[in-house]
Each structure stands twice: as C-alpha cells, then as structure tokens.
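This report refers to the structure that appears directly beneath it.
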Amino acid sequence: MRLKAAVVPIAALVILFPLGYSLARSVFSWGAERGQPFLAKPETKSAGCVRDNTWMRFHHMDLLKQVRDEAVREGKRGNIGLNTCRECHTNRERFCNECHNAVNLHVDCFRCHYYP
Amino acid sequence: MHVSVGCMSDAQRIAPDGDFLRGVLAAGGEDLKKCFQCATCSVVCELSGDTAPFPRKEMIWAQWGLKDRLVADPDVWLCHQCNDCSTRCPRGARPGDVMAAVRRETVLYYAVPAFLGRWANDPKFVPLLLGVPAVLLGLLLLGTYPPALGPSKKLVFSYWNLLPHWVLMSFFGLFSLLAFLAVVGGVVRFWRAMKSADERAGNTTVVKPLARSAGAALKRILTHDDFAVCTAERWRAVSHFCVLYGFLALFVVSIWVMTARYNPLVPDDFAYPFSFWSPWRMLANLGGVLLTAGCVLMIWDRLKDRPHPVASTFSDWALLAALLAVALTGFLSEALHYARMEPHRQIAYFIHLVFVFALLIYLPYSKLAHLAYRATAMVYAEHTGRTRGATVTHEGRDHP
C-alpha cells in the first residue's frame with residue numbers, strides 16, 4: 001500500500017502541535033502581569049497547616065478519607081475536618097478548585113459538605 | 001577451512017565462519033542452503049539498486065559463512081523484508097528471512113558487551129533481563145522509602161511519587177547514556193566496516209555530502225518510501241508507520257513531562273499533571289493507540305495463515321511483546337489512575353517502568369537496534385550513491 005504524500009506532514013503537525021501550543025501560550029503570556037497567584041494564599045489564623053505543606057500537597061485526600069472513616073465508621077471525632085481547612089483556606093474556588101479543575105479531577109466532597 | 005575462489009581477476013582466500021552460518025540458519029534462515037543462485041530475488045526486489053543488487057550476493061555470502069562481508073554490507077539493512085523475493089523464489093530458500101537472520105547476527109556482532117547481545121536474543125534470559133531492572137527499581141524504592149517529596153517552586157504532582165524525581169531521572173539517565181554509548185560504538189564500527197569493504201573493492205565514490213545524505217535518509221524513513229514499494233507485504237508500511245509515529249509521539253511527550261519542572265515554557269504555577277484535554281495528554285493517548293494498533297497489526301500479520309509465511313524468531317516476538325507491554329501497561333496505569341485505585345496504579349506503573357527501562361537499555365542488543373543500523377546503512381547508501389535504481393518508481397519500473 002502506498003502512503004499518500006500528505007500523511008507525513010499531517011503526522012509531523014500532530015506530533016509538534018502540543019509543542020507549538022505551549023510555545024505560543026508562553027509567548028502570548030510573556031510579561032503579562034498575573035493578577036493573582038495560582039492558589040489563594042491561606043489566611044494565617046493558626047500557626048500552620050495540620051501537616052507539612054509538601055505532604056498535604058500529595059496526600060490531603062488520604063487524610064480527609066481517614067478522618068471521614070474515623071468519624072463515620074468508628075465514631076471518633078478528632079479535631080481535623082473540612083471546617084479546620086476552612087479556617088485558613090477560606091475560598092474553595094480559589095484553592096481546592098484551581099488544581100482540581102486544571103487536571104479535570106472532580107471533587108466529591110462539596111456535594112454534601114458546605115464550603116463556600 | 002580455507003577455500004580459494006577465483007573472483008574476477010584476483011584469487012582471494014576466504015575464511016568461512018561456521019558459527020555465523022549456524023547463527024543465520026538457526027534464526028529463520030534454515031532454507032538458506034536451498035538457494036542455487038538464480039538471482040530471481042535480486043531481479044524482483046523493488047528496493048535493490050542497480051549497482052549492487054541484493055539479496056542474491058548475500059545468499060551466497062551467507063551460504064559460505066562470509067561473516068566479514070555480511071557485517072560490512074549496507075544492503076542487508078536496505079532490505080525491508082517485503083518478501084517479494086521469498087514469494088517468488090523457485091527454490092523456497094526464503095531470502096527475506098535470511099536477510100532478517102543476517103541482520104540479527106550483525107546486531108550480535110557489533111554488540112558491546114557481547115554477552116548482552118546473546119542474552120537479549122535468547123528466551124532463557126528473559127526472566128533475568130526483566131528481573132534486573134525490576135530488582136534495581138525495587139531497591140531504589142526501598143532505599144528511598146518513605147518517599148521524600150521535595151519542595152518545588154512549581155506545582156508538580158508527580159504521577160509516580162514513590163520515587164523522588166531526581167532518583168528516577170538519574171537512574172534512567174545513567175542507563176540511557178550507557179545504551180546510547182553502546183549504540184554509537186556499534187554504528188561507528190559498522191560505518192568503518194562498510195567504508196573499508198568498499199575501499200577494498202575499489203569503490204570510493206561519494207555522490208552526496210554526509211549532511212545531505214542524512215537528510216535524504218531521514219526523509220525516506222519518515223515517509224516510509226521504501227516500505228511503500230513492497231508488494232508482497234502491503235501491511236508492513238501501515239503497521240510500521242503506526243508503530244514509528246506512535247513511538248515518536250510518546251517519546252516527545254515523555255521528554256516534555258520529564259523536564260516540565262525545569263522548562264521555562266511551562267507556566268510556573270502549575271506544571272503537571274495535564275488535564276484530559278490538554279494537547280500533550282491527547283498526543284500521548286493518540287501515540288499509545290497508534291503503538292498498540294501497529295503492534296496488533298504486526299502480530300496478526302505474523303500469525304495469519306498464508307502461502308509464504310514469514311519466519312518469526314524470538315527476537316521478533318521479544319520486540320513486539322516489549323512494545324505492546326509498554327503501551328498496554330501505560331494505558332492500564334492511566335485507567336487505574338482515573339479509577340483512583342491507590343496501590344494498583346502504583347504497581348501498574350512500576351511494571352510499566354520496568355518495560356520502558358528494558359526497551360531502552362537493551363536497544364543496542366535487541367531487534368530495536370535496527371533503528372540505528374538501518375538508518376546508518378541508509379545514510380551510507382545515499383552518501384555513496386547506492387540507492388534504488390533510477391528506473392524504479394513507486395509504481396514499479398517505468399519501462400516495460
């Protein structure tokens with residue numbers, strides 16, 4: 001079977017498209033003043049987060065699930081919960097949702113839990 | 001055993017290599033000795049040039065065990081195993097399979113260290129060859145557990161945060177470098193061998209400078225021009241096209257992801273992972289689909305019932321299996337990631353890494369080495385004017 005001559009330029013375009021897209025995006029946003037940081041800074045009401053920042057970045061969901069299981073299944077209510085998060089991370093839209101939207105990861109928590 | 005043959009005007013003393021011959025016979029060329037040198041193969045071959053036609057001469061070199069000529073022969077690699085020769089051979093000597101077997105022996109010949117070449121083409125060593133990377137990765141995991149998640153300026157949620165990024169990078173970097181050096185060493189020796197063989201034959205013509213030869217060869221590879229003239233193996237062009245471009249797409253995305261946290265083009269707020277509809281992720285998924293489809297086509301091609309079957313050796317299956325394993329474990333870990341199955345996705349990704357690692361470090365010794373040796377032979381052919389005859393076009397021969 002003879003491959004049509006157009007297939008190779010199309011393949012090259014497809015493979016190089018993401019690179020071009022990223023290049024164009026960075027060129028167009030060059031020097032543009034960003035209005036606000038990607039994530040809203042926490043309001044420092046307490047001394048720090050319940051866990052180390054880097055740990056929280058990767059494992060906040062594990063902690064929340066653990067707290068949920070303890071509270072719902074074992075009846076142990078500790079002093080960590082979504083309300084604890086809210087004390088500093090007041091704005092869900094500007095904190096939780098930013099990353100979750102960026103990776104198309106749906107957050108189930110707030111279907112039930114109130115977190116403005 | 002030494003045999004003197006009259007060759008043109010000068011008598012030459014030839015030194016047959018019995019081991020090489022046995023290697024070719026065992027690797028799919030078992031019908032080699034049926035050849036009676038009628039040259040039908042060289043005539044029907046669409047890829048064969050006018051100045052140094054093949055595969056007839058390779059058949060007799062192989063019969064005589066003339067290893068030194070075969071490992072210095074670019075024509076062995078200009079063959080894309082269309083099998084137009086094998087289907088038309090009146091003796092059933094299957095020159096196409098002989099050429100494939102000679103290519104395998106050539107890879108073994110240039111392999112450094114040589115034992116890795118033998119191991120990578122022997123099913124006995126599969127557990128060892130896959131076990132070593134698995135154990136090494138496992139030791140790295142144990143050595144760095146619990147994973148220290150170093151702070152980074154960018155928001156990077158590593159896909160696999162069991163190993164610190166720098167450990168994974170240096171592990172793969174070191175072994176890729178070793179594989180790269182082995183490939184470069186083999187290619188340089190191959191080039192020198194081709195050159196000195198041509199000089200001995202008094203052929204020192206250079207028709208194109210190296211850079212232009214490389215460009216012409218690259219164009220032939222990317223367009224699959226050589227595959228496209230095959231008639232007996234029509235699907236080869238399609239399946240190889242899918243595998244090559246799928247592989248390229250995955251390679252480009254992998255490099256981008258691996259360097260995302262050092263890449264100034266990546267916005268410094270959020271580097272990784274990509275959203276599902278990010279161009280990068282779409283390219284990776286497309287590449288995975290292409291790679292899988294190409295491998296499945298190739299496997300189907302080898303298994304299907306037909307009058308002139310292609311010899312399939314362990315080396316063929318090993319490369320196909322490794323490529324398919326890389327694609328499927330990649331998709332599996334992506335699916336498990338989206339299903340948020342915590343230990344499962346880590347295990348799937350571990351297996352994925354082992355296969356990627358195996359593909360990479362055994363590149364100089366496996367059938368995948370063809371990407372270096374065939375490319376080198378094609379550049380050399382362009383460089384010295386050993387190209388497909390001018391009378392041959394895509395549609396076949398111009399004149400009746």
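Each chain in the structure tokens gets a letter, A, B, ..., in the order shown, and its residues are numbered from 1; ligands are numbered from 1 in order too.
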Exercise for review: Identify all chain B residues at most 7 Å from chain A by counting only C-alpha atoms; ligands do not count. Present them as a list in words.
Suggested key: Leu149, Pro151, Phe157, Leu222, Thr223, Ala228, Arg234, Trp235, Ala237, Ala249, Leu265, Asp269, Pro273, Phe274, Ser275, Phe276, Pro279, Trp280 and Leu283 of chain B
Practice item. Would you kindly return, as a ChimeraX atom specification, each protein, DNA or RNA residue with an atom no farther than 9 Å from any atom of Leu320 (chain B), considering only C-alpha atoms and excluding same-chain residues fewer than 6 positions away? Key: /B:295-296,298-299
Next, the residues of the selection above should be written as a short mmCIF file (atom, residue, chain, number, x, y, z; two decimals), in the first residue's frame with C-alpha atoms.
data_model
loop_
_atom_site.label_atom_id
_atom_site.label_comp_id
_atom_site.auth_asym_id
_atom_site.auth_seq_id
_atom_site.Cartn_x
_atom_site.Cartn_y
_atom_site.Cartn_z
CA CYS B 295 1.79 -3.90 17.26
CA VAL B 296 -1.53 -5.74 16.97
CA MET B 298 2.19 -6.80 13.17
CA ILE B 299 1.27 -9.72 15.43
#
Revision key, fill the gap. In Å and to one decimal, CA of Leu163 (chain B) is distant from CA of Ser176 (chain B) by 18.1 Å
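Each of B:Gly385, B:Gly49, B:Pro146, B:Gly92 was compared to Asn203 (chain B) using only C-alpha atoms, and B:Gly385 turns out to be the nearest.
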Practice item. Would you mind listing what lies within 9 Å of Thr144 (chain B) as a list of chain:residue names, with only C-alpha atoms counted and same-chain residues fewer than 6 positions away left out? Key: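 Counting only C-alpha atoms, the residues come to B:Leu162, B:Leu163, B:Pro164, B:Val167.
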Please provide the set of residues having any atom within 9 Å of region 87-89 of chain A, restricted to only C-alpha atoms, with same-chain residues fewer than 6 positions apart removed, written as a JSON list (two decimals) with all heavy atoms, in the first residue's frame.
[["chain", "number", "residue", "atom", "x", "y", "z"],
["A", 40, "ALA", "N", -4.86, 30.73, 46.08],
["A", 40, "ALA", "CA", -5.02, 31.80, 47.06],
["A", 40, "ALA", "C", -4.16, 31.49, 48.28],
["A", 40, "ALA", "O", -4.10, 30.36, 48.75],
["A", 40, "ALA", "CB", -6.49, 31.89, 47.47],
["A", 41, "LYS", "N", -3.46, 32.50, 48.76],
["A", 41, "LYS", "CA", -2.65, 32.33, 49.97],
["A", 41, "LYS", "C", -3.59, 32.07, 51.15],
["A", 41, "LYS", "O", -4.65, 32.70, 51.26],
["A", 41, "LYS", "CB", -1.86, 33.62, 50.25],
["A", 41, "LYS", "CG", -0.66, 33.78, 49.36],
["A", 41, "LYS", "CD", 0.61, 33.42, 50.12],
["A", 41, "LYS", "CE", 1.83, 33.60, 49.21],
["A", 41, "LYS", "NZ", 2.73, 32.45, 49.33],
["A", 42, "PRO", "N", -3.22, 31.13, 52.04],
["A", 42, "PRO", "CA", -4.08, 30.89, 53.20],
["A", 42, "PRO", "C", -4.06, 32.08, 54.15],
["A", 42, "PRO", "O", -3.05, 32.78, 54.24],
["A", 42, "PRO", "CB", -3.46, 29.65, 53.84],
["A", 42, "PRO", "CG", -2.06, 29.64, 53.37],
["A", 42, "PRO", "CD", -2.06, 30.26, 52.01],
["A", 43, "GLU", "N", -5.20, 32.30, 54.78],
["A", 43, "GLU", "CA", -5.22, 33.34, 55.81],
["A", 43, "GLU", "C", -4.65, 32.73, 57.07],
["A", 43, "GLU", "O", -5.19, 31.76, 57.59],
["A", 43, "GLU", "CB", -6.65, 33.83, 56.03],
["A", 43, "GLU", "CG", -7.15, 34.61, 54.83],
["A", 43, "GLU", "CD", -8.59, 35.04, 54.98],
["A", 43, "GLU", "OE1", -9.10, 35.01, 56.12],
["A", 43, "GLU", "OE2", -9.20, 35.37, 53.96],
["A", 44, "THR", "N", -3.54, 33.28, 57.53],
["A", 44, "THR", "CA", -2.80, 32.61, 58.61],
["A", 44, "THR", "C", -3.45, 32.89, 59.95],
["A", 44, "THR", "O", -3.06, 33.81, 60.67],
["A", 44, "THR", "CB", -1.35, 33.07, 58.63],
["A", 44, "THR", "OG1", -1.35, 34.49, 58.50],
["A", 44, "THR", "CG2", -0.58, 32.45, 57.49],
["A", 45, "LYS", "N", -4.47, 32.10, 60.25],
["A", 45, "LYS", "CA", -5.11, 32.24, 61.56],
["A", 45, "LYS", "C", -4.44, 31.33, 62.57],
["A", 45, "LYS", "O", -4.37, 31.63, 63.74],
["A", 45, "LYS", "CB", -6.59, 31.91, 61.47],
["A", 45, "LYS", "CG", -7.39, 33.07, 60.88],
["A", 45, "LYS", "CD", -8.83, 32.71, 60.71],
["A", 45, "LYS", "CE", -9.55, 33.84, 59.99],
["A", 45, "LYS", "NZ", -10.75, 33.36, 59.29],
["A", 46, "SER", "N", -3.96, 30.16, 62.08],
["A", 46, "SER", "CA", -3.29, 29.25, 63.01],
["A", 46, "SER", "C", -1.79, 29.24, 62.68],
["A", 46, "SER", "O", -1.35, 29.85, 61.72],
["A", 46, "SER", "CB", -3.87, 27.85, 62.89],
["A", 46, "SER", "OG", -3.74, 27.41, 61.56],
["A", 49, "CYS", "N", -0.31, 24.53, 58.83],
["A", 49, "CYS", "CA", -1.25, 23.50, 58.42],
["A", 49, "CYS", "C", -1.15, 22.31, 59.38],
["A", 49, "CYS", "O", -0.17, 22.17, 60.12],
["A", 49, "CYS", "CB", -0.97, 23.07, 56.99],
["A", 49, "CYS", "SG", -2.39, 22.31, 56.20],
["A", 95, "PHE", "N", -8.91, 27.89, 45.94],
["A", 95, "PHE", "CA", -7.91, 26.98, 46.47],
["A", 95, "PHE", "C", -8.11, 25.56, 45.95],
["A", 95, "PHE", "O", -7.41, 25.14, 45.02],
["A", 95, "PHE", "CB", -7.89, 27.01, 48.00],
["A", 95, "PHE", "CG", -6.74, 26.28, 48.58],
["A", 95, "PHE", "CD1", -5.45, 26.77, 48.45],
["A", 95, "PHE", "CD2", -6.91, 25.06, 49.22],
["A", 95, "PHE", "CE1", -4.36, 26.07, 48.95],
["A", 95, "PHE", "CE2", -5.83, 24.35, 49.72],
["A", 95, "PHE", "CZ", -4.56, 24.87, 49.59],
["A", 96, "CYS", "N", -9.10, 24.85, 46.46],
["A", 96, "CYS", "CA", -9.30, 23.46, 46.03],
["A", 96, "CYS", "C", -9.52, 23.37, 44.53],
["A", 96, "CYS", "O", -8.90, 22.57, 43.83],
["A", 96, "CYS", "CB", -10.51, 22.85, 46.73],
["A", 96, "CYS", "SG", -10.56, 23.14, 48.48]]
Point to revise | Coordinates-based distance that separates CA of Val289 (chain B) from CA of Asn121 (chain B) (Å, one decimal) | key: 27.3 Å
Check your understanding: Do you know which residues are at most 10 Å from Thr259 (chain B) counting only C-alpha atoms, after dropping those on the same chain fewer than 6 positions away, and could you put them as an MDAnalysis selection string?
Key -> chainID B and resid 169 266 271
Print the selection's residues with N, CA, C and O atoms to a file, as a short mmCIF file (atom, residue, chain, number, x, y, z; two decimals), in the first residue's frame.
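Once everything was written out, this is result.cif:
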data_model
loop_
_atom_site.label_atom_id
_atom_site.label_comp_id
_atom_site.auth_asym_id
_atom_site.auth_seq_id
_atom_site.Cartn_x
_atom_site.Cartn_y
_atom_site.Cartn_z
N MET B 169 15.14 10.20 37.53
CA MET B 169 15.81 10.83 36.39
C MET B 169 17.23 10.33 36.26
O MET B 169 17.69 9.99 35.16
N VAL B 266 6.99 26.07 30.58
CA VAL B 266 5.84 25.62 31.37
C VAL B 266 5.52 26.72 32.38
O VAL B 266 6.40 27.17 33.10
N ALA B 271 2.52 22.79 36.69
CA ALA B 271 3.26 22.12 35.63
C ALA B 271 2.65 20.78 35.24
O ALA B 271 2.58 20.44 34.07
#
Practice item. Using DSSP on the backbone coordinates, identify all residues within region 72-151 of chain B classified as alpha helix (DSSP H); present the result as JSON, numbers by chain. Key: {"B": [75, 76, 77, 78, 84, 85, 86, 87, 88, 95, 96, 97, 98, 99, 100, 101, 102, 103, 104, 105, 106, 107, 108, 109, 110, 114, 115, 116, 117, 118, 119, 120, 126, 127, 128, 129, 130, 131, 132, 133, 134, 135, 136, 137, 138, 139, 140, 141, 142, 143]}
Output for the residues just chosen: N, CA and C atoms as a compact mmCIF listing (two decimals), in the first residue's frame:
# COMPACT_ATOMS: atom_id res chain seq x y z
N ASP B 75 23.58 -3.33 2.21
CA ASP B 75 22.39 -3.85 1.53
C ASP B 75 21.52 -4.71 2.44
N VAL B 76 22.19 -5.41 3.39
CA VAL B 76 21.43 -6.23 4.33
C VAL B 76 20.38 -5.38 5.04
N TRP B 77 20.75 -4.11 5.28
CA TRP B 77 19.85 -3.22 6.02
C TRP B 77 18.96 -2.40 5.12
N LEU B 78 19.29 -2.32 3.82
CA LEU B 78 18.39 -1.61 2.91
C LEU B 78 17.16 -2.46 2.65
N ASP B 84 9.04 -9.96 -1.36
CA ASP B 84 8.79 -10.18 -2.78
C ASP B 84 9.72 -11.28 -3.29
N CYS B 85 10.96 -11.32 -2.72
CA CYS B 85 11.93 -12.35 -3.11
C CYS B 85 11.48 -13.72 -2.62
N SER B 86 11.07 -13.80 -1.35
CA SER B 86 10.71 -15.10 -0.78
C SER B 86 9.51 -15.72 -1.49
N THR B 87 8.52 -14.85 -1.87
CA THR B 87 7.34 -15.42 -2.50
C THR B 87 7.64 -15.89 -3.91
N ARG B 88 8.69 -15.34 -4.54
CA ARG B 88 8.97 -15.71 -5.93
C ARG B 88 10.15 -16.66 -6.08
N PRO B 95 14.89 -15.80 0.82
CA PRO B 95 15.94 -14.79 1.02
C PRO B 95 15.55 -13.71 2.03
N GLY B 96 14.26 -13.37 2.06
CA GLY B 96 13.81 -12.33 3.01
C GLY B 96 14.12 -12.72 4.43
N ASP B 97 13.85 -13.96 4.78
CA ASP B 97 14.12 -14.41 6.14
C ASP B 97 15.62 -14.53 6.40
N VAL B 98 16.37 -14.90 5.35
CA VAL B 98 17.83 -14.98 5.51
C VAL B 98 18.38 -13.59 5.83
N MET B 99 17.89 -12.58 5.10
CA MET B 99 18.36 -11.21 5.35
C MET B 99 18.04 -10.80 6.79
N ALA B 100 16.84 -11.16 7.27
CA ALA B 100 16.47 -10.82 8.66
C ALA B 100 17.41 -11.51 9.63
N ALA B 101 17.73 -12.79 9.35
CA ALA B 101 18.62 -13.54 10.23
C ALA B 101 20.03 -12.93 10.22
N VAL B 102 20.47 -12.48 9.03
CA VAL B 102 21.80 -11.85 8.94
C VAL B 102 21.80 -10.54 9.74
N ARG B 103 20.69 -9.80 9.66
CA ARG B 103 20.62 -8.55 10.43
C ARG B 103 20.76 -8.84 11.92
N ARG B 104 20.08 -9.91 12.37
CA ARG B 104 20.17 -10.27 13.78
C ARG B 104 21.61 -10.60 14.16
N GLU B 105 22.28 -11.38 13.31
CA GLU B 105 23.67 -11.74 13.59
C GLU B 105 24.57 -10.51 13.56
N THR B 106 24.24 -9.54 12.69
CA THR B 106 25.04 -8.31 12.64
C THR B 106 24.92 -7.52 13.94
N VAL B 107 23.68 -7.45 14.47
CA VAL B 107 23.48 -6.76 15.74
C VAL B 107 24.32 -7.44 16.82
N LEU B 108 24.32 -8.79 16.82
CA LEU B 108 25.11 -9.54 17.80
C LEU B 108 26.59 -9.24 17.62
N TYR B 109 27.03 -9.14 16.36
CA TYR B 109 28.45 -8.92 16.06
C TYR B 109 28.93 -7.59 16.62
N TYR B 110 28.08 -6.54 16.47
CA TYR B 110 28.51 -5.22 16.92
C TYR B 110 28.16 -4.94 18.38
N ALA B 114 29.40 -8.12 24.44
CA ALA B 114 28.85 -9.14 23.54
C ALA B 114 27.84 -10.05 24.25
N PHE B 115 28.05 -10.30 25.55
CA PHE B 115 27.15 -11.25 26.22
C PHE B 115 25.73 -10.71 26.27
N LEU B 116 25.58 -9.36 26.36
CA LEU B 116 24.23 -8.80 26.39
C LEU B 116 23.51 -9.05 25.07
N GLY B 117 24.28 -9.04 23.98
CA GLY B 117 23.70 -9.36 22.68
C GLY B 117 23.16 -10.78 22.65
N ARG B 118 23.95 -11.71 23.20
CA ARG B 118 23.47 -13.11 23.22
C ARG B 118 22.26 -13.24 24.13
N TRP B 119 22.31 -12.62 25.30
CA TRP B 119 21.21 -12.76 26.26
C TRP B 119 19.90 -12.17 25.73
N ALA B 120 20.02 -10.99 25.08
CA ALA B 120 18.81 -10.30 24.65
C ALA B 120 18.10 -11.06 23.54
N VAL B 126 15.10 -14.11 29.50
CA VAL B 126 14.04 -13.12 29.71
C VAL B 126 13.82 -12.80 31.19
N PRO B 127 13.69 -13.85 32.05
CA PRO B 127 13.47 -13.53 33.47
C PRO B 127 14.60 -12.68 34.05
N LEU B 128 15.82 -13.00 33.65
CA LEU B 128 16.97 -12.24 34.16
C LEU B 128 16.94 -10.81 33.65
N LEU B 129 16.70 -10.66 32.33
CA LEU B 129 16.77 -9.33 31.72
C LEU B 129 15.66 -8.42 32.22
N LEU B 130 14.49 -9.00 32.56
CA LEU B 130 13.43 -8.17 33.13
C LEU B 130 13.58 -8.08 34.65
N GLY B 131 14.16 -9.13 35.24
CA GLY B 131 14.31 -9.15 36.69
C GLY B 131 15.31 -8.12 37.19
N VAL B 132 16.40 -7.94 36.45
CA VAL B 132 17.42 -7.00 36.91
C VAL B 132 16.86 -5.57 37.03
N PRO B 133 16.19 -5.03 35.99
CA PRO B 133 15.61 -3.70 36.17
C PRO B 133 14.57 -3.67 37.28
N ALA B 134 13.77 -4.75 37.41
CA ALA B 134 12.75 -4.76 38.46
C ALA B 134 13.40 -4.71 39.83
N VAL B 135 14.46 -5.51 40.03
CA VAL B 135 15.14 -5.52 41.32
C VAL B 135 15.81 -4.18 41.60
N LEU B 136 16.45 -3.62 40.56
CA LEU B 136 17.12 -2.32 40.74
C LEU B 136 16.12 -1.24 41.15
N LEU B 137 14.97 -1.19 40.44
CA LEU B 137 13.94 -0.21 40.78
C LEU B 137 13.40 -0.48 42.19
N GLY B 138 13.22 -1.77 42.51
CA GLY B 138 12.72 -2.14 43.82
C GLY B 138 13.68 -1.70 44.92
N LEU B 139 14.99 -1.90 44.69
CA LEU B 139 15.99 -1.47 45.67
C LEU B 139 15.98 0.03 45.86
N LEU B 140 15.81 0.76 44.74
CA LEU B 140 15.73 2.22 44.82
C LEU B 140 14.53 2.62 45.68
N LEU B 141 13.40 1.90 45.47
CA LEU B 141 12.19 2.20 46.24
C LEU B 141 12.44 1.98 47.72
N LEU B 142 13.07 0.82 48.05
CA LEU B 142 13.34 0.51 49.45
C LEU B 142 14.30 1.54 50.04
N GLY B 143 15.31 1.90 49.25
CA GLY B 143 16.34 2.80 49.75
C GLY B 143 15.83 4.20 50.02
Practice item. Might you pull out every residue within 12 Å of Gln66 (chain A), with only C-alpha atoms counted and same-chain residues fewer than 4 positions away left off, and present them as a PyMOL selection string? Key: chain A and resi 59-62+70-74+76-78+80-81
May I have the residues from that selection written out with C-alpha atoms, as a PDB file, in the first residue's frame?
ATOM      1  CA  HIS A  59      -1.828  13.273  50.483  1.00  0.00           C
ATOM      2  CA  HIS A  60      -4.626  15.687  51.522  1.00  0.00           C
ATOM      3  CA  MET A  61      -7.174  13.281  50.063  1.00  0.00           C
ATOM      4  CA  ASP A  62      -5.823  10.402  52.132  1.00  0.00           C
ATOM      5  CA  GLU A  70     -12.795   7.602  61.774  1.00  0.00           C
ATOM      6  CA  ALA A  71     -15.771   9.899  62.251  1.00  0.00           C
ATOM      7  CA  VAL A  72     -18.415   7.931  60.368  1.00  0.00           C
ATOM      8  CA  ARG A  73     -17.393   4.345  60.935  1.00  0.00           C
ATOM      9  CA  GLU A  74     -15.613   4.453  64.289  1.00  0.00           C
ATOM     10  CA  LYS A  76     -14.154   9.109  66.733  1.00  0.00           C
ATOM     11  CA  ARG A  77     -14.346  12.799  66.072  1.00  0.00           C
ATOM     12  CA  GLY A  78     -10.916  14.353  66.124  1.00  0.00           C
ATOM     13  CA  ILE A  80      -9.411  17.799  61.962  1.00  0.00           C
ATOM     14  CA  GLY A  81     -12.195  18.244  59.412  1.00  0.00           C
TER      15      GLY A  81
END
Practice item. Select, from A:Val107, A:Gln36, A:Ala47, A:His113, the residue with the minimum atom-to-atom distance to Asn83 (chain A), counting only C-alpha atoms. Key: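 Counting only C-alpha atoms, the residue closest to Asn83 (chain A) is A:His113.
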Revision key, fill the gap. Correct to one decimal, the distance CA of Arg68 (chain A)-CA of Phe110 (chain A) is 13.5 Å
Review point. Nearest to Val184 (chain B): which of B:Pro74, B:Met378, B:Tyr373, B:Asp226 is it, counting only C-alpha atoms?
Key: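 When distances to Val184 (chain B) are compared using only C-alpha atoms, the smallest one comes from B:Tyr373.
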